[in-house]
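A.B. asks: Input structure: start07.pdb, which contains PDB, C-alpha atoms.
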ATOM      1  CA  MET A   1     107.040  99.099 -42.911
ATOM      2  CA  SER A   2     105.797 101.603 -40.344
ATOM      3  CA  GLU A   3     108.724 101.009 -37.930
ATOM      4  CA  SER A   4     110.916 103.327 -40.016
ATOM      5  CA  GLY A   5     108.891 106.479 -39.375
ATOM      6  CA  HIS A   6     105.640 108.138 -38.385
ATOM      7  CA  TYR A   7     102.859 108.118 -40.970
ATOM      8  CA  ASP A   8      99.432 109.729 -41.208
ATOM      9  CA  LEU A   9      97.989 106.591 -42.819
ATOM     10  CA  LEU A  10      99.035 103.121 -43.943
ATOM     11  CA  VAL A  11      97.549 101.746 -47.169
ATOM     12  CA  VAL A  12      98.050  97.977 -47.217
ATOM     13  CA  ASP A  13      97.285  95.624 -50.089
ATOM     14  CA  LEU A  14      96.306  92.146 -48.871
ATOM     15  CA  MET A  15      97.946  90.520 -51.889
ATOM     16  CA  LEU A  16     101.510  91.783 -51.395
ATOM     17  CA  PRO A  17     104.197  89.630 -52.996
ATOM     18  CA  GLY A  18     106.118  87.723 -50.360
ATOM     19  CA  MET A  19     104.123  89.126 -47.433
ATOM     20  CA  ASP A  20     100.548  88.792 -46.276
ATOM     21  CA  GLY A  21      98.811  92.155 -45.796
ATOM     22  CA  PHE A  22      96.675  90.668 -43.019
ATOM     23  CA  LYS A  23      99.834  89.876 -41.026
ATOM     24  CA  ILE A  24     101.094  93.422 -41.551
ATOM     25  CA  VAL A  25      97.883  94.780 -40.001
ATOM     26  CA  GLN A  26      98.260  92.406 -37.060
ATOM     27  CA  ARG A  27     101.934  93.334 -36.491
ATOM     28  CA  VAL A  28     101.231  97.058 -36.595
ATOM     29  CA  ARG A  29      98.474  96.718 -33.986
ATOM     30  CA  GLN A  30     100.499  94.323 -31.796
ATOM     31  CA  ARG A  31     103.208  97.011 -31.576
ATOM     32  CA  GLY A  32     100.560  99.413 -30.271
ATOM     33  CA  ASP A  33     100.766 101.586 -33.396
ATOM     34  CA  MET A  34      97.385 103.292 -33.854
ATOM     35  CA  THR A  35      98.106 104.755 -37.307
ATOM     36  CA  PRO A  36      94.918 104.430 -39.399
ATOM     37  CA  ILE A  37      95.069 101.510 -41.832
ATOM     38  CA  LEU A  38      93.187 101.305 -45.130
ATOM     39  CA  VAL A  39      93.295  97.863 -46.730
ATOM     40  CA  LEU A  40      92.975  97.273 -50.457
ATOM     41  CA  THR A  41      91.657  93.834 -51.342
ATOM     42  CA  ALA A  42      90.273  91.884 -54.250
ATOM     43  CA  ARG A  43      88.335  89.728 -51.769
ATOM     44  CA  ASP A  44      85.021  90.882 -50.395
ATOM     45  CA  GLU A  45      83.732  87.832 -48.543
ATOM     46  CA  ARG A  46      82.012  88.937 -45.333
ATOM     47  CA  ALA A  47      83.995  86.590 -43.071
ATOM     48  CA  GLN A  48      87.323  87.917 -44.343
ATOM     49  CA  VAL A  49      86.208  91.539 -44.049
ATOM     50  CA  VAL A  50      85.071  90.942 -40.444
ATOM     51  CA  GLN A  51      88.361  89.196 -39.646
ATOM     52  CA  LEU A  52      90.320  92.062 -41.213
ATOM     53  CA  LEU A  53      88.449  94.759 -39.280
ATOM     54  CA  ASN A  54      88.763  92.774 -36.047
ATOM     55  CA  ALA A  55      92.517  92.497 -36.632
ATOM     56  CA  GLY A  56      92.761  96.295 -36.556
ATOM     57  CA  ALA A  57      92.127  97.658 -40.052
ATOM     58  CA  ASP A  58      90.147 100.901 -39.979
ATOM     59  CA  ASP A  59      88.595 100.589 -43.435
ATOM     60  CA  TYR A  60      88.854  98.535 -46.589
ATOM     61  CA  LEU A  61      88.241  99.046 -50.277
ATOM     62  CA  THR A  62      87.648  96.284 -52.793
ATOM     63  CA  LYS A  63      89.329  96.243 -56.185
ATOM     64  CA  PRO A  64      88.657  97.601 -58.685
ATOM     65  CA  PHE A  65      87.918 100.918 -56.985
ATOM     66  CA  ASP A  66      87.229 104.491 -57.995
ATOM     67  CA  LEU A  67      90.184 106.819 -57.417
ATOM     68  CA  GLY A  68      87.869 109.521 -56.048
ATOM     69  CA  GLU A  69      86.477 107.124 -53.448
ATOM     70  CA  LEU A  70      90.000 106.041 -52.473
ATOM     71  CA  LEU A  71      91.061 109.664 -51.931
ATOM     72  CA  ALA A  72      87.892 110.465 -49.942
ATOM     73  CA  ARG A  73      88.451 107.464 -47.658
ATOM     74  CA  ILE A  74      92.115 108.397 -47.194
ATOM     75  CA  LYS A  75      91.226 111.967 -46.185
ATOM     76  CA  ALA A  76      88.509 110.773 -43.789
ATOM     77  CA  LEU A  77      90.868 108.292 -42.081
ATOM     78  CA  ILE A  78      93.613 110.890 -41.732
ATOM     79  CA  ARG A  79      91.156 113.369 -40.180
ATOM     80  CA  ARG A  80      89.921 110.751 -37.729
ATOM     81  CA  GLY A  81      93.494 109.678 -36.968
ATOM     82  CA  LYS A  82      94.267 113.235 -35.900
ATOM     83  CA  GLY A  83      91.134 113.387 -33.768
ATOM     84  CA  VAL A  84      89.343 115.522 -36.347
ATOM     85  CA  ALA A  85      86.270 113.686 -37.624
ATOM     86  CA  HIS A  86      84.739 116.830 -39.090
ATOM     87  CA  PRO A  87      86.337 118.408 -42.188
ATOM     88  CA  VAL A  88      86.432 121.867 -40.542
ATOM     89  CA  LEU A  89      89.327 122.702 -38.221
ATOM     90  CA  GLN A  90      89.625 125.885 -36.145
ATOM     91  CA  VAL A  91      93.008 127.244 -34.996
ATOM     92  CA  GLY A  92      92.819 130.699 -33.468
ATOM     93  CA  ARG A  93      90.839 132.908 -35.863
ATOM     94  CA  MET A  94      91.698 130.610 -38.793
ATOM     95  CA  THR A  95      89.271 128.032 -40.124
ATOM     96  CA  LEU A  96      90.357 125.240 -42.451
ATOM     97  CA  ASN A  97      87.795 123.353 -44.537
ATOM     98  CA  SER A  98      89.465 120.225 -45.934
ATOM     99  CA  VAL A  99      86.559 119.438 -48.276
ATOM    100  CA  GLU A 100      86.578 122.890 -49.896
ATOM    101  CA  GLN A 101      90.361 123.176 -49.396
ATOM    102  CA  THR A 102      89.986 126.708 -48.084
ATOM    103  CA  ILE A 103      91.317 128.688 -45.166
ATOM    104  CA  ARG A 104      89.500 131.683 -43.725
ATOM    105  CA  CYS A 105      90.678 134.302 -41.255
ATOM    106  CA  ALA A 106      87.832 135.728 -39.178
ATOM    107  CA  GLY A 107      85.435 134.496 -41.866
ATOM    108  CA  GLU A 108      87.310 136.023 -44.819
ATOM    109  CA  LEU A 109      88.770 133.731 -47.464
ATOM    110  CA  VAL A 110      92.582 133.757 -47.650
ATOM    111  CA  ASP A 111      93.796 133.587 -51.258
ATOM    112  CA  LEU A 112      96.335 130.745 -51.161
ATOM    113  CA  SER A 113      98.065 128.785 -53.894
ATOM    114  CA  PRO A 114      97.520 125.006 -53.741
ATOM    115  CA  THR A 115     100.983 124.540 -52.205
ATOM    116  CA  GLU A 116     100.403 127.278 -49.614
ATOM    117  CA  TYR A 117      97.103 125.634 -48.692
ATOM    118  CA  ARG A 118      98.831 122.264 -48.213
ATOM    119  CA  ILE A 119     101.496 123.869 -46.014
ATOM    120  CA  MET A 120      98.878 125.552 -43.834
ATOM    121  CA  GLU A 121      96.810 122.367 -43.656
ATOM    122  CA  TYR A 122      99.882 120.406 -42.558
ATOM    123  CA  LEU A 123     100.696 122.973 -39.867
ATOM    124  CA  MET A 124      97.102 123.432 -38.674
ATOM    125  CA  TYR A 125      96.683 119.689 -38.115
ATOM    126  CA  ARG A 126      99.808 119.852 -35.924
ATOM    127  CA  PRO A 127      99.187 122.798 -33.589
ATOM    128  CA  ARG A 128     102.283 123.823 -31.618
ATOM    129  CA  ALA A 129     104.347 121.068 -33.300
ATOM    130  CA  ILE A 130     107.683 121.850 -34.896
ATOM    131  CA  VAL A 131     107.751 120.567 -38.479
ATOM    132  CA  SER A 132     111.184 120.194 -40.045
ATOM    133  CA  LYS A 133     111.924 121.433 -43.542
ATOM    134  CA  GLU A 134     112.510 117.815 -44.604
ATOM    135  CA  GLN A 135     109.109 116.721 -43.269
ATOM    136  CA  MET A 136     107.437 119.586 -45.113
ATOM    137  CA  LEU A 137     109.255 118.827 -48.370
ATOM    138  CA  GLU A 138     108.371 115.132 -48.146
ATOM    139  CA  HIS A 139     104.731 116.007 -47.435
ATOM    140  CA  LEU A 140     104.546 118.367 -50.396
ATOM    141  CA  TYR A 141     106.715 116.669 -52.992
ATOM    142  CA  ASP A 142     107.175 113.038 -51.983
ATOM    143  CA  PHE A 143     110.752 112.109 -52.886
ATOM    144  CA  THR A 144     111.274 114.259 -55.991
ATOM    145  CA  TRP A 145     112.402 117.424 -54.200
ATOM    146  CA  GLU A 146     115.896 118.826 -54.196
ATOM    147  CA  HIS A 147     117.579 118.638 -50.795
ATOM    148  CA  HIS A 148     119.035 122.147 -51.022
ATOM    149  CA  SER A 149     116.000 123.882 -52.467
ATOM    150  CA  ASN A 150     114.712 127.070 -50.862
ATOM    151  CA  VAL A 151     111.161 126.550 -52.117
ATOM    152  CA  ILE A 152     109.825 126.121 -48.567
ATOM    153  CA  GLU A 153     111.378 129.397 -47.398
ATOM    154  CA  ALA A 154     109.744 131.199 -50.335
ATOM    155  CA  HIS A 155     106.317 129.705 -49.559
ATOM    156  CA  MET A 156     106.668 130.551 -45.858
ATOM    157  CA  SER A 157     107.504 134.167 -46.713
ATOM    158  CA  ASN A 158     104.420 134.404 -48.962
ATOM    159  CA  LEU A 159     102.215 132.833 -46.284
ATOM    160  CA  ARG A 160     103.387 135.318 -43.658
ATOM    161  CA  LYS A 161     102.627 138.237 -45.980
ATOM    162  CA  LYS A 162      99.151 136.912 -46.806
ATOM    163  CA  LEU A 163      98.296 136.275 -43.156
ATOM    164  CA  ARG A 164      99.476 139.748 -42.131
ATOM    165  CA  ALA A 165      97.468 141.314 -44.989
ATOM    166  CA  MET A 166      94.350 139.593 -43.577
ATOM    167  CA  GLY A 167      95.059 141.095 -40.152
ATOM    168  CA  GLU A 168      95.775 137.638 -38.777
ATOM    169  CA  MET A 169      97.844 137.547 -35.599
ATOM    170  CA  ALA A 170      98.880 133.926 -36.198
ATOM    171  CA  THR A 171     102.039 133.419 -38.169
ATOM    172  CA  VAL A 172     104.410 130.710 -39.308
ATOM    173  CA  GLU A 173     107.411 130.854 -37.012
ATOM    174  CA  THR A 174     110.845 129.786 -38.254
ATOM    175  CA  LEU A 175     112.919 127.959 -35.654
ATOM    176  CA  ARG A 176     116.466 128.032 -37.027
ATOM    177  CA  GLY A 177     117.888 124.569 -37.560
ATOM    178  CA  ARG A 178     114.663 122.928 -36.343
ATOM    179  CA  GLY A 179     111.809 123.821 -38.670
ATOM    180  CA  TYR A 180     108.519 125.690 -38.648
ATOM    181  CA  ARG A 181     105.605 126.055 -36.281
ATOM    182  CA  LEU A 182     102.214 127.696 -36.577
ATOM    183  CA  GLU A 183     102.185 130.271 -33.809
ATOM    184  CA  THR A 184      98.815 131.616 -32.704
ATOM    185  CA  PRO A 185      98.085 134.574 -30.373
ATOM    186  CA  GLU A 186      97.074 132.112 -27.633
ATOM    187  CA  GLN A 187     100.624 130.700 -27.685
ATOM    188  CA  LEU A 188     102.162 134.159 -27.353
ATOM    189  CA  VAL A 189     100.403 134.889 -24.040
TER     190      VAL A 189
END
Take the structure I supplied and represent it as structure tokens, if you would.
C.D. replies:
Amino acid sequence: MSESGHYDLLVVDLMLPGMDGFKIVQRVRQRGDMTPILVLTARDERAQVVQLLNAGADDYLTKPFDLGELLARIKALIRRGKGVAHPVLQVGRMTLNSVEQTIRCAGELVDLSPTEYRIMEYLMYRPRAIVSKEQMLEHLYDFTWEHHSNVIEAHMSNLRKKLRAMGEMATVETLRGRGYRLETPEQLV
């Protein structure tokens, strides 16, 4: 359940074994947790949908559903949950387009690998926030990553080089023992 950590989105199935998804939605909202909630349901009766939305669900999807639609709804709810309803995010001279999955510096496209893009997206949606290595690994690889891997350090080094090559003043700062933070020129002043 969401008490064990902070999540970008909760996907709740109404037909969970041993627990009612509707009650989960109610409990999350009663605790004051405003994490976006997407409900998956086999039911599509209007009264139940209205009751579900009034209980605090942000969106719902009836089964069977298209995987592409599910992913689009998830991305939209996460953007809204971060206060970003539009798919374009501006941080300093960098522009992120979550639909195109591109990042531009002063209008020029930055050539990033898919993993580098996901790292930058994660950091850009959390301006000035310190993101631990563990958080980054979990975001990128779920639970299949090796705890002592240096894959994040390698990606961060590549990102710094690419940003510098674009003439970008923003960089990914390493805070020893704490994590990483996207540092923009505005923060340096």
A.B. asks: Pick out the residues sitting within 12 Å of Ala170 (chain A), and hand them over as a VMD selection string; count all atoms listed in the file, and ignore anything fewer than 3 positions along from it in its own chain.
C.D. replies: chain A and resid 91 to 95 105 to 106 120 123 to 124 127 to 128 159 to 167 173 181 to 188
A.B. asks: Which polymer residues have any atom within 9 Å of an atom of Ile24 (chain A), counting only C-alpha atoms, with same-chain residues fewer than 4 positions away left out, as a short mmCIF file (atom, residue, chain, number, x, y, z; two decimals) with C-alpha atoms, keeping the file's coordinate frame?
C.D. replies:
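Okay, this is what ended up in part-v5.cif:
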data_model
loop_
_atom_site.label_atom_id
_atom_site.label_comp_id
_atom_site.auth_asym_id
_atom_site.auth_seq_id
_atom_site.Cartn_x
_atom_site.Cartn_y
_atom_site.Cartn_z
CA MET A 1 107.04 99.10 -42.91
CA VAL A 12 98.05 97.98 -47.22
CA LEU A 14 96.31 92.15 -48.87
CA MET A 19 104.12 89.13 -47.43
CA ASP A 20 100.55 88.79 -46.28
CA VAL A 28 101.23 97.06 -36.60
CA ARG A 29 98.47 96.72 -33.99
#
A.B. asks: Suppose you want the space between CA of Pro36 (chain A) and CA of Thr115 (chain A); what is it in Å?
C.D. replies: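 That distance, rounded to one decimal, is 24.6 Å.
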A.B. asks: Could you name the residues that touch Ala55 (chain A) at 12 Å or less, counting all atoms listed in the file, but leaving out those on the same chain fewer than 6 positions away, as number ranges by chain?
C.D. replies: A: 21-30, 37, 39, 48-49
A.B. asks: Between A:Tyr7, A:Tyr180, A:Phe65, A:Tyr60, which residue has the minimum interatomic distance to Glu134 (chain A), considering only C-alpha atoms?
C.D. replies: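 Of A:Tyr7, A:Tyr180, A:Phe65, A:Tyr60, the one nearest Glu134 (chain A) is A:Tyr180, counting only C-alpha atoms.
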A.B. asks: Which of these, A:Met34, A:Val151, A:Leu53, A:Leu89, has the shortest distance to Leu10 (chain A) once you count all atoms listed in the file?
C.D. replies: A:Met34
A.B. asks: Convert the output of the PyMOL selection byres ((chain A and resi 111) around 10) on the shown file into explicit residues, formatted as JSON, numbers by chain.
C.D. replies: {"A": [102, 103, 104, 108, 109, 110, 112, 113, 114, 116, 117, 159, 162, 163, 166]}
A.B. asks: Residues of the last selection are to be written out with C-alpha atoms, as a tab-separated table (two decimals), in the frame of the given file.
C.D. replies:
chain	number	residue	atom	x	y	z
A	102	THR	CA	89.99	126.71	-48.08
A	103	ILE	CA	91.32	128.69	-45.17
A	104	ARG	CA	89.50	131.68	-43.72
A	108	GLU	CA	87.31	136.02	-44.82
A	109	LEU	CA	88.77	133.73	-47.46
A	110	VAL	CA	92.58	133.76	-47.65
A	112	LEU	CA	96.34	130.74	-51.16
A	113	SER	CA	98.06	128.78	-53.89
A	114	PRO	CA	97.52	125.01	-53.74
A	116	GLU	CA	100.40	127.28	-49.61
A	117	TYR	CA	97.10	125.63	-48.69
A	159	LEU	CA	102.22	132.83	-46.28
A	162	LYS	CA	99.15	136.91	-46.81
A	163	LEU	CA	98.30	136.28	-43.16
A	166	MET	CA	94.35	139.59	-43.58
A.B. asks: What's around Arg79 (chain A) at 12 Å? Count only C-alpha atoms, leave out sequence neighbours fewer than 4 positions away in its own chain, and write the answer as an mmCIF file with C-alpha atoms, keeping the file's coordinate frame.
C.D. replies:
data_model
loop_
_atom_site.group_PDB
_atom_site.id
_atom_site.type_symbol
_atom_site.label_atom_id
_atom_site.label_comp_id
_atom_site.auth_asym_id
_atom_site.auth_seq_id
_atom_site.Cartn_x
_atom_site.Cartn_y
_atom_site.Cartn_z
ATOM 1 C CA ASP A 8 99.432 109.729 -41.208
ATOM 2 C CA LEU A 9 97.989 106.591 -42.819
ATOM 3 C CA THR A 35 98.106 104.755 -37.307
ATOM 4 C CA PRO A 36 94.918 104.430 -39.399
ATOM 5 C CA ALA A 72 87.892 110.465 -49.942
ATOM 6 C CA ARG A 73 88.451 107.464 -47.658
ATOM 7 C CA ILE A 74 92.115 108.397 -47.194
ATOM 8 C CA LYS A 75 91.226 111.967 -46.185
ATOM 9 C CA GLY A 83 91.134 113.387 -33.768
ATOM 10 C CA VAL A 84 89.343 115.522 -36.347
ATOM 11 C CA ALA A 85 86.270 113.686 -37.624
ATOM 12 C CA HIS A 86 84.739 116.830 -39.090
ATOM 13 C CA PRO A 87 86.337 118.408 -42.188
ATOM 14 C CA VAL A 88 86.432 121.867 -40.542
ATOM 15 C CA LEU A 89 89.327 122.702 -38.221
ATOM 16 C CA ASN A 97 87.795 123.353 -44.537
ATOM 17 C CA SER A 98 89.465 120.225 -45.934
ATOM 18 C CA VAL A 99 86.559 119.438 -48.276
ATOM 19 C CA GLU A 121 96.810 122.367 -43.656
ATOM 20 C CA TYR A 122 99.882 120.406 -42.558
ATOM 21 C CA MET A 124 97.102 123.432 -38.674
ATOM 22 C CA TYR A 125 96.683 119.689 -38.115
ATOM 23 C CA ARG A 126 99.808 119.852 -35.924
#
A.B. asks: Once 8 Å is added on each side, what centre and edge lengths in Å to one decimal does the axis-aligned box around all listed atoms of region 67-78 of chain A have, as AutoDock Vina command-line options?
C.D. replies:
--center_x 90.0 --center_y 109.0 --center_z -49.6 --size_x 23.1 --size_y 21.9 --size_z 31.7
A.B. asks: Name the residues in contact with Arg43 (chain A) at a cut-off of 12 Å, using all atoms listed in the file, excluding same-chain residues fewer than 6 positions from it; report them as a CSV table (one decimal) with C-alpha atoms, in the frame of the given file.
C.D. replies:
chain,number,residue,atom,x,y,z
A,13,ASP,CA,97.3,95.6,-50.1
A,14,LEU,CA,96.3,92.1,-48.9
A,15,MET,CA,97.9,90.5,-51.9
A,49,VAL,CA,86.2,91.5,-44.0
A,50,VAL,CA,85.1,90.9,-40.4
A,52,LEU,CA,90.3,92.1,-41.2
A,60,TYR,CA,88.9,98.5,-46.6
A,61,LEU,CA,88.2,99.0,-50.3
A,62,THR,CA,87.6,96.3,-52.8
A,63,LYS,CA,89.3,96.2,-56.2
A,64,PRO,CA,88.7,97.6,-58.7
A.B. asks: Could you state which residues are captured by the PyMOL selection byres ((chain A and resi 135) around 12) in this file, as a ChimeraX atom specification?
C.D. replies: /A:5-7,119,122-123,129-134,136-143,145,147,152,178-180
A.B. asks: Write the selection just made, keeping C-alpha atoms, as an mmCIF file, in the coordinates of the input?
C.D. replies:
data_model
loop_
_atom_site.group_PDB
_atom_site.id
_atom_site.type_symbol
_atom_site.label_atom_id
_atom_site.label_comp_id
_atom_site.auth_asym_id
_atom_site.auth_seq_id
_atom_site.Cartn_x
_atom_site.Cartn_y
_atom_site.Cartn_z
ATOM 1 C CA GLY A 5 108.891 106.479 -39.375
ATOM 2 C CA HIS A 6 105.640 108.138 -38.385
ATOM 3 C CA TYR A 7 102.859 108.118 -40.970
ATOM 4 C CA ILE A 119 101.496 123.869 -46.014
ATOM 5 C CA TYR A 122 99.882 120.406 -42.558
ATOM 6 C CA LEU A 123 100.696 122.973 -39.867
ATOM 7 C CA ALA A 129 104.347 121.068 -33.300
ATOM 8 C CA ILE A 130 107.683 121.850 -34.896
ATOM 9 C CA VAL A 131 107.751 120.567 -38.479
ATOM 10 C CA SER A 132 111.184 120.194 -40.045
ATOM 11 C CA LYS A 133 111.924 121.433 -43.542
ATOM 12 C CA GLU A 134 112.510 117.815 -44.604
ATOM 13 C CA MET A 136 107.437 119.586 -45.113
ATOM 14 C CA LEU A 137 109.255 118.827 -48.370
ATOM 15 C CA GLU A 138 108.371 115.132 -48.146
ATOM 16 C CA HIS A 139 104.731 116.007 -47.435
ATOM 17 C CA LEU A 140 104.546 118.367 -50.396
ATOM 18 C CA TYR A 141 106.715 116.669 -52.992
ATOM 19 C CA ASP A 142 107.175 113.038 -51.983
ATOM 20 C CA PHE A 143 110.752 112.109 -52.886
ATOM 21 C CA TRP A 145 112.402 117.424 -54.200
ATOM 22 C CA HIS A 147 117.579 118.638 -50.795
ATOM 23 C CA ILE A 152 109.825 126.121 -48.567
ATOM 24 C CA ARG A 178 114.663 122.928 -36.343
ATOM 25 C CA GLY A 179 111.809 123.821 -38.670
ATOM 26 C CA TYR A 180 108.519 125.690 -38.648
#
A.B. asks: Complete region 27-42 of chain A with N, CA and C atoms (output as a PDB file, in the coordinates of the input).
C.D. replies:
ATOM      1  N   ARG A  27     100.655  92.904 -37.082  1.00  0.00           N
ATOM      2  CA  ARG A  27     101.934  93.334 -36.491  1.00  0.00           C
ATOM      3  C   ARG A  27     101.891  94.793 -36.065  1.00  0.00           C
ATOM      4  N   VAL A  28     101.317  95.634 -36.922  1.00  0.00           N
ATOM      5  CA  VAL A  28     101.231  97.058 -36.595  1.00  0.00           C
ATOM      6  C   VAL A  28     100.443  97.250 -35.305  1.00  0.00           C
ATOM      7  N   ARG A  29      99.310  96.568 -35.188  1.00  0.00           N
ATOM      8  CA  ARG A  29      98.474  96.718 -33.986  1.00  0.00           C
ATOM      9  C   ARG A  29      99.120  96.082 -32.759  1.00  0.00           C
ATOM     10  N   GLN A  30      99.831  94.969 -32.930  1.00  0.00           N
ATOM     11  CA  GLN A  30     100.499  94.323 -31.796  1.00  0.00           C
ATOM     12  C   GLN A  30     101.584  95.219 -31.208  1.00  0.00           C
ATOM     13  N   ARG A  31     102.195  96.062 -32.061  1.00  0.00           N
ATOM     14  CA  ARG A  31     103.208  97.011 -31.576  1.00  0.00           C
ATOM     15  C   ARG A  31     102.570  98.195 -30.871  1.00  0.00           C
ATOM     16  N   GLY A  32     101.245  98.287 -30.896  1.00  0.00           N
ATOM     17  CA  GLY A  32     100.560  99.413 -30.271  1.00  0.00           C
ATOM     18  C   GLY A  32     100.472 100.634 -31.162  1.00  0.00           C
ATOM     19  N   ASP A  33     100.822 100.486 -32.428  1.00  0.00           N
ATOM     20  CA  ASP A  33     100.766 101.586 -33.396  1.00  0.00           C
ATOM     21  C   ASP A  33      99.309 101.798 -33.801  1.00  0.00           C
ATOM     22  N   MET A  34      98.790 103.006 -33.556  1.00  0.00           N
ATOM     23  CA  MET A  34      97.385 103.292 -33.854  1.00  0.00           C
ATOM     24  C   MET A  34      97.202 104.085 -35.146  1.00  0.00           C
ATOM     25  N   THR A  35      98.214 104.099 -36.008  1.00  0.00           N
ATOM     26  CA  THR A  35      98.106 104.755 -37.307  1.00  0.00           C
ATOM     27  C   THR A  35      96.918 104.150 -38.054  1.00  0.00           C
ATOM     28  N   PRO A  36      96.048 104.983 -38.637  1.00  0.00           N
ATOM     29  CA  PRO A  36      94.918 104.430 -39.399  1.00  0.00           C
ATOM     30  C   PRO A  36      95.421 103.548 -40.550  1.00  0.00           C
ATOM     31  N   ILE A  37      94.695 102.454 -40.779  1.00  0.00           N
ATOM     32  CA  ILE A  37      95.069 101.510 -41.832  1.00  0.00           C
ATOM     33  C   ILE A  37      93.893 101.327 -42.782  1.00  0.00           C
ATOM     34  N   LEU A  38      94.152 101.562 -44.061  1.00  0.00           N
ATOM     35  CA  LEU A  38      93.187 101.305 -45.130  1.00  0.00           C
ATOM     36  C   LEU A  38      93.708 100.108 -45.911  1.00  0.00           C
ATOM     37  N   VAL A  39      92.890  99.073 -46.041  1.00  0.00           N
ATOM     38  CA  VAL A  39      93.295  97.863 -46.730  1.00  0.00           C
ATOM     39  C   VAL A  39      92.647  97.807 -48.108  1.00  0.00           C
ATOM     40  N   LEU A  40      93.469  97.495 -49.099  1.00  0.00           N
ATOM     41  CA  LEU A  40      92.975  97.273 -50.457  1.00  0.00           C
ATOM     42  C   LEU A  40      92.929  95.764 -50.676  1.00  0.00           C
ATOM     43  N   THR A  41      91.812  95.281 -51.169  1.00  0.00           N
ATOM     44  CA  THR A  41      91.657  93.834 -51.342  1.00  0.00           C
ATOM     45  C   THR A  41      90.795  93.508 -52.555  1.00  0.00           C
ATOM     46  N   ALA A  42      91.111  92.383 -53.165  1.00  0.00           N
ATOM     47  CA  ALA A  42      90.273  91.884 -54.250  1.00  0.00           C
ATOM     48  C   ALA A  42      89.175  90.993 -53.694  1.00  0.00           C
TER      49      ALA A  42
END
